[in-house]
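As provided, work.cif (mmCIF, C-alpha atoms) reads as follows.
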data_query
loop_
_atom_site.label_atom_id
_atom_site.label_comp_id
_atom_site.auth_asym_id
_atom_site.auth_seq_id
_atom_site.Cartn_x
_atom_site.Cartn_y
_atom_site.Cartn_z
CA MET A 1 -81.43 -13.50 24.04
CA THR A 2 -80.59 -12.45 20.54
CA ILE A 3 -78.07 -9.88 21.80
CA TYR A 4 -76.23 -12.42 23.97
CA ILE A 5 -76.17 -15.10 21.26
CA ARG A 6 -74.55 -12.65 18.85
CA ALA A 7 -72.16 -11.25 21.44
CA VAL A 8 -70.61 -14.58 22.47
CA PRO A 9 -68.82 -15.23 19.14
CA ILE A 10 -67.42 -11.70 19.16
CA VAL A 11 -66.03 -12.21 22.66
CA LEU A 12 -64.51 -15.54 21.65
CA ILE A 13 -62.93 -14.06 18.53
CA ALA A 14 -61.46 -11.19 20.56
CA ALA A 15 -60.07 -13.61 23.14
CA PHE A 16 -58.55 -15.81 20.43
CA PHE A 17 -56.98 -12.77 18.79
CA LEU A 18 -55.42 -11.62 22.07
CA LEU A 19 -54.10 -15.11 22.81
CA SER A 20 -52.59 -15.31 19.32
CA LEU A 21 -50.82 -11.99 19.78
CA ASN A 22 -49.50 -13.11 23.15
CA SER A 23 -48.26 -16.41 21.70
CA CYS A 24 -46.45 -14.60 18.88
CA SER A 25 -44.71 -12.29 21.34
CA LEU A 26 -43.60 -15.29 23.42
CA LEU A 27 -42.14 -16.98 20.32
CA ALA A 28 -40.32 -13.86 19.10
CA PRO A 29 -36.59 -14.40 19.68
CA SER A 30 -34.38 -12.08 21.69
CA VAL A 31 -32.08 -10.90 18.92
CA THR A 32 -28.63 -9.48 19.62
CA SER A 33 -26.98 -7.27 17.04
CA GLU A 34 -23.75 -7.00 19.03
CA PHE A 35 -21.18 -8.98 17.07
CA SER A 36 -18.94 -9.35 20.11
CA GLN A 37 -21.76 -11.25 21.87
CA LEU A 38 -21.93 -14.03 19.26
CA ARG A 39 -21.04 -17.59 20.07
CA ALA A 40 -17.93 -18.85 18.33
CA GLY A 41 -18.07 -22.02 16.26
CA GLN A 42 -19.27 -23.51 13.00
CA SER A 43 -22.65 -22.82 11.43
CA ARG A 44 -24.38 -24.22 8.37
CA LEU A 45 -26.79 -22.55 5.99
CA ASP A 46 -30.50 -22.97 6.60
CA PRO A 47 -31.65 -23.46 2.97
CA GLN A 48 -35.27 -22.70 3.87
CA HIS A 49 -34.30 -19.18 4.93
CA ALA A 50 -31.78 -18.13 2.29
CA SER A 51 -31.74 -16.62 -1.18
CA LEU A 52 -29.11 -16.07 -3.87
CA VAL A 53 -30.18 -13.45 -6.41
CA PHE A 54 -28.34 -12.19 -9.48
CA LYS A 55 -29.00 -9.00 -11.46
CA VAL A 56 -27.76 -8.13 -14.94
CA SER A 57 -28.44 -5.34 -17.43
CA HIS A 58 -30.69 -6.19 -20.39
CA LEU A 59 -30.17 -4.04 -23.50
CA GLY A 60 -29.35 -1.13 -21.22
CA LEU A 61 -33.09 -0.75 -20.73
CA SER A 62 -33.77 -2.76 -17.58
CA THR A 63 -32.18 -4.93 -14.94
CA TYR A 64 -33.01 -8.60 -15.28
CA VAL A 65 -33.35 -10.46 -11.97
CA GLY A 66 -32.98 -14.19 -11.39
CA ARG A 67 -31.91 -16.58 -8.68
CA PHE A 68 -30.34 -19.93 -7.89
CA ASN A 69 -32.59 -22.25 -5.92
CA ARG A 70 -30.04 -24.77 -4.65
CA PHE A 71 -26.91 -23.79 -2.76
CA ASP A 72 -25.15 -24.61 0.48
CA ALA A 73 -22.67 -22.86 2.75
CA SER A 74 -20.78 -23.19 6.01
CA LEU A 75 -19.36 -20.47 8.21
CA ASP A 76 -16.77 -20.89 10.95
CA PHE A 77 -15.68 -17.91 13.02
CA ASP A 78 -14.77 -16.48 16.39
CA PRO A 79 -16.00 -12.90 16.97
CA ALA A 80 -12.81 -12.24 18.91
CA ALA A 81 -10.70 -13.22 15.88
CA ILE A 82 -12.75 -12.34 12.81
CA GLY A 83 -9.68 -12.46 10.59
CA SER A 84 -9.53 -16.23 10.99
CA ALA A 85 -13.15 -16.79 9.87
CA THR A 86 -13.82 -19.08 6.93
CA LEU A 87 -16.74 -19.22 4.52
CA GLN A 88 -17.35 -22.07 2.08
CA ALA A 89 -20.23 -22.13 -0.41
CA SER A 90 -21.41 -24.25 -3.34
CA ILE A 91 -24.07 -23.51 -5.95
CA HIS A 92 -25.90 -25.97 -8.20
CA THR A 93 -25.75 -24.15 -11.53
CA ALA A 94 -28.69 -26.11 -13.00
CA SER A 95 -30.93 -24.60 -10.32
CA ILE A 96 -30.89 -21.22 -12.09
CA ASP A 97 -34.37 -19.70 -12.09
CA SER A 98 -35.24 -16.71 -14.29
CA ASN A 99 -39.00 -17.28 -14.05
CA ASN A 100 -38.84 -18.37 -17.68
CA ALA A 101 -38.47 -22.12 -18.28
CA LYS A 102 -37.27 -21.74 -21.88
CA LEU A 103 -34.64 -19.17 -20.90
CA ASP A 104 -33.51 -21.32 -17.97
CA GLN A 105 -32.87 -24.20 -20.38
CA THR A 106 -30.78 -21.87 -22.56
CA LEU A 107 -28.79 -20.58 -19.59
CA ARG A 108 -27.97 -24.15 -18.54
CA GLY A 109 -26.62 -24.83 -22.02
CA SER A 110 -23.07 -24.84 -23.36
CA SER A 111 -23.13 -21.16 -24.45
CA TRP A 112 -23.77 -20.01 -20.91
CA LEU A 113 -23.35 -21.94 -17.63
CA ASP A 114 -22.85 -25.34 -19.29
CA SER A 115 -24.34 -27.07 -16.26
CA ASP A 116 -23.70 -30.56 -17.64
CA SER A 117 -19.94 -29.95 -17.72
CA PHE A 118 -19.82 -27.63 -14.71
CA PRO A 119 -22.65 -28.65 -12.35
CA GLU A 120 -21.29 -26.72 -9.40
CA ALA A 121 -19.87 -23.28 -8.72
CA SER A 122 -18.00 -22.72 -5.46
CA PHE A 123 -16.59 -20.01 -3.26
CA HIS A 124 -14.00 -20.37 -0.52
CA SER A 125 -12.71 -17.47 1.52
CA THR A 126 -9.01 -16.77 1.90
CA SER A 127 -9.25 -13.82 4.30
CA VAL A 128 -11.80 -11.72 6.15
CA THR A 129 -11.41 -8.04 7.01
CA ALA A 130 -13.67 -5.92 9.20
CA THR A 131 -15.10 -2.69 7.80
CA GLY A 132 -17.15 0.10 9.31
CA SER A 133 -20.41 -1.50 8.20
CA GLY A 134 -19.54 -5.19 8.20
CA PHE A 135 -16.91 -7.47 6.66
CA HIS A 136 -15.18 -8.26 3.41
CA PHE A 137 -14.98 -11.96 2.64
CA ASN A 138 -12.10 -12.19 0.18
CA GLY A 139 -11.70 -15.44 -1.68
CA HIS A 140 -11.94 -17.37 -4.92
CA LEU A 141 -15.04 -18.09 -6.97
CA THR A 142 -14.86 -21.08 -9.30
CA LEU A 143 -17.46 -20.84 -12.06
CA HIS A 144 -17.63 -22.43 -15.50
CA GLY A 145 -14.30 -24.15 -14.76
CA VAL A 146 -12.52 -20.84 -14.09
CA SER A 147 -11.33 -19.60 -10.70
CA ARG A 148 -11.02 -15.86 -10.00
CA PRO A 149 -10.58 -13.76 -6.83
CA ILE A 150 -13.67 -11.88 -5.69
CA SER A 151 -14.74 -10.00 -2.58
CA LEU A 152 -18.15 -10.17 -0.92
CA HIS A 153 -19.28 -7.46 1.45
CA GLY A 154 -21.06 -9.06 4.41
CA GLU A 155 -23.35 -7.46 6.96
CA PHE A 156 -24.29 -9.09 10.27
CA LEU A 157 -28.03 -8.75 10.94
CA GLY A 158 -28.35 -10.44 14.33
CA ALA A 159 -28.34 -13.70 16.26
CA ALA A 160 -30.83 -15.45 18.52
CA VAL A 161 -32.16 -18.81 19.61
CA ASN A 162 -35.08 -19.66 17.33
CA ARG A 163 -37.77 -20.71 19.80
CA LEU A 164 -39.61 -22.68 17.11
CA ASN A 165 -36.75 -25.14 16.61
CA GLY A 166 -34.44 -24.42 19.55
CA ARG A 167 -31.46 -23.67 17.25
CA TYR A 168 -29.00 -20.82 17.68
CA THR A 169 -29.34 -18.86 14.43
CA LEU A 170 -27.28 -16.09 12.82
CA GLY A 171 -28.51 -13.74 10.10
CA PHE A 172 -26.27 -12.28 7.40
CA ARG A 173 -26.58 -10.31 4.19
CA ALA A 174 -23.87 -10.21 1.53
CA SER A 175 -23.36 -8.62 -1.86
CA GLY A 176 -20.75 -8.47 -4.58
CA SER A 177 -20.26 -8.46 -8.32
CA ILE A 178 -18.40 -10.34 -11.04
CA ASN A 179 -17.71 -9.85 -14.72
CA ARG A 180 -19.11 -12.97 -16.38
CA SER A 181 -16.59 -12.70 -19.22
CA ASP A 182 -13.81 -13.30 -16.66
CA PHE A 183 -15.25 -16.79 -16.30
CA GLY A 184 -15.61 -17.51 -20.01
CA ILE A 185 -19.34 -16.72 -20.09
CA ASP A 186 -19.27 -14.10 -22.80
CA SER A 187 -22.32 -14.68 -25.01
CA TYR A 188 -24.19 -11.58 -26.26
CA LEU A 189 -22.03 -9.09 -24.38
CA ALA A 190 -23.31 -6.30 -26.62
CA MET A 191 -26.86 -6.89 -25.35
CA ILE A 192 -26.56 -8.57 -21.95
CA GLY A 193 -24.41 -6.84 -19.35
CA ASP A 194 -21.01 -8.22 -18.44
CA ARG A 195 -21.24 -7.14 -14.79
CA VAL A 196 -23.44 -9.40 -12.68
CA LEU A 197 -24.57 -8.24 -9.24
CA LEU A 198 -24.95 -10.88 -6.52
CA GLU A 199 -27.18 -10.47 -3.47
CA ILE A 200 -27.36 -13.05 -0.69
CA GLU A 201 -29.64 -13.29 2.32
CA ALA A 202 -28.91 -16.12 4.72
CA GLU A 203 -29.61 -17.63 8.10
CA PHE A 204 -26.99 -19.97 9.53
CA LEU A 205 -27.69 -22.65 12.13
CA ARG A 206 -25.06 -23.35 14.78
CA GLN A 207 -23.82 -26.93 14.55
#

Any chance you could put this one into structure tokens?
Amino acid sequence: MTIYIRAVPIVLIAAFFLLSLNSCSLLAPSVTSEFSQLRAGQSRLDPQHASLVFKVSHLGLSTYVGRFNRFDASLDFDPAAIGSATLQASIHTASIDSNNAKLDQTLRGSSWLDSDSFPEASFHSTSVTATGSGFHFNGHLTLHGVSRPISLHGEFLGAAVNRLNGRYTLGFRASGSINRSDFGIDSYLAMIGDRVLLEIEAEFLRQ
């Protein structure tokens, strides 16, 4: 009897484990990485599955990494006419997060982002060009009250229907860089790098 009593829980655990694996495989989406197979139309950022990270040199000794926690974006395109695609994005500058509350308060201040006067930064594309490994979203970034042309390199990661919410979802990665002094943010240039790298990971939900 002792053997059977101990064996039953093991059997149940094994069965539960197998069922869990099977359920996960059923929920896994069928992802297409063929850009030509995408559905045309407008999509909006899923803020729960997106990140906007910035990187800047500190004293030439390390790369300091931070992020913005609140931003939004919309994407409208036709895979058959990528040149006509449009990308619009907005960033709440006060949502800057360096993992240091005191530093965040300083960065929101008038010597840096001046979030009270300029609560939002924005990007709007003016043209899109295809490259061998993705796309270039060319447009204007408005930051700290200054607008300058920038280019973001975008990479399409795939698209699928998310079986958890039933929404058609597209995955993208983008990167670029700016010189902060071009936007009037020029404090401590001798110690903190001028060039700021931007890295974006994003899922978009078809509207």

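Every protein, DNA or RNA residue with an atom at most 10 Å from Pro119 of chain A, where all atoms listed in the file count and chain neighbours fewer than 4 positions away do not, is listed here: Ile91, His92, Thr93, Ala94, Ser95, Arg108, Leu113, Asp114, Ser115, Leu143, His144 and Gly145 of chain A.
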
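The residue that comes closest to Arg167 of chain A, out of A:Lys55, A:Arg180, A:Arg44, A:Arg206 and on the basis of only C-alpha atoms, is A:Arg206.
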
Interatomic distance, atom CA of Ala50 of chain A to atom CA of Phe204 of chain A (Å, one decimal): 8.9 Å

Residues selected by the PyMOL selection byres ((chain A and resi 194) around 8), written as a ChimeraX atom specification: /A:56,179-181,186,189,192-193,195-196

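Reported to one decimal place, the separation of atom CA of Ile178 of chain A from atom CA of Arg148 of chain A is 9.3 Å.
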
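Distance-wise, atom CA of Trp112 of chain A and atom CA of Asp97 of chain A end up 13.8 Å apart.
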
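Residues matched by the PyMOL selection byres ((chain A and resi 48) around 12) in this structure: A:Arg44, A:Leu45, A:Asp46, A:Pro47, A:His49, A:Ala50, A:Ser51, A:Leu52, A:Asn69, A:Arg70, A:Phe71, A:Asp72, A:Glu201, A:Ala202, A:Glu203, A:Phe204, A:Leu205.
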
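Counting all atoms listed in the file, the residue from A:Gly154, A:Val161, A:Ser84, A:Ser187 that sits nearest to Thr106 of chain A is A:Ser187.
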
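Across A:Phe68, A:Val53, A:Leu38, A:Ser43, the tightest approach to Ala81 of chain A is made by A:Leu38 when counting only C-alpha atoms.
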
Protein/DNA/RNA residues near (-13.5, -20.3, -13.1), cut 10 Å, only C-alpha atoms, as a PDB file with C-alpha atoms, keeping the file's coordinate frame:
ATOM      1  CA  PHE A 118     -19.820 -27.630 -14.710  1.00  0.00           C
ATOM      2  CA  ALA A 121     -19.870 -23.280  -8.720  1.00  0.00           C
ATOM      3  CA  SER A 122     -18.000 -22.720  -5.460  1.00  0.00           C
ATOM      4  CA  HIS A 140     -11.940 -17.370  -4.920  1.00  0.00           C
ATOM      5  CA  LEU A 141     -15.040 -18.090  -6.970  1.00  0.00           C
ATOM      6  CA  THR A 142     -14.860 -21.080  -9.300  1.00  0.00           C
ATOM      7  CA  LEU A 143     -17.460 -20.840 -12.060  1.00  0.00           C
ATOM      8  CA  HIS A 144     -17.630 -22.430 -15.500  1.00  0.00           C
ATOM      9  CA  GLY A 145     -14.300 -24.150 -14.760  1.00  0.00           C
ATOM     10  CA  VAL A 146     -12.520 -20.840 -14.090  1.00  0.00           C
ATOM     11  CA  SER A 147     -11.330 -19.600 -10.700  1.00  0.00           C
ATOM     12  CA  ARG A 148     -11.020 -15.860 -10.000  1.00  0.00           C
ATOM     13  CA  PRO A 149     -10.580 -13.760  -6.830  1.00  0.00           C
ATOM     14  CA  ARG A 180     -19.110 -12.970 -16.380  1.00  0.00           C
ATOM     15  CA  ASP A 182     -13.810 -13.300 -16.660  1.00  0.00           C
ATOM     16  CA  PHE A 183     -15.250 -16.790 -16.300  1.00  0.00           C
ATOM     17  CA  GLY A 184     -15.610 -17.510 -20.010  1.00  0.00           C
ATOM     18  CA  ILE A 185     -19.340 -16.720 -20.090  1.00  0.00           C
TER      19      ILE A 185
END

Resolved residues for the PyMOL selection byres ((chain A and resi 171) around 7) as an NGL selection string: :A and (156-159 or 169-170 or 172 or 202-204)

Nearest to Leu107 of chain A by atom-to-atom distance, counting all atoms listed in the file, from A:Asn165, A:Gly66, A:Ala40, A:Ala73: A:Gly66

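Each of A:Val31, A:Ala89, A:Leu61, A:Ile82 was checked against Thr129 of chain A using only C-alpha atoms; the smallest atom-to-atom distance is that of A:Ile82.
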
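Compared by their closest atoms to Gly83 of chain A, and using all atoms listed in the file, the residues A:Asn138, A:Ser110, A:Asn162, A:Ser127 rank with A:Ser127 nearest.
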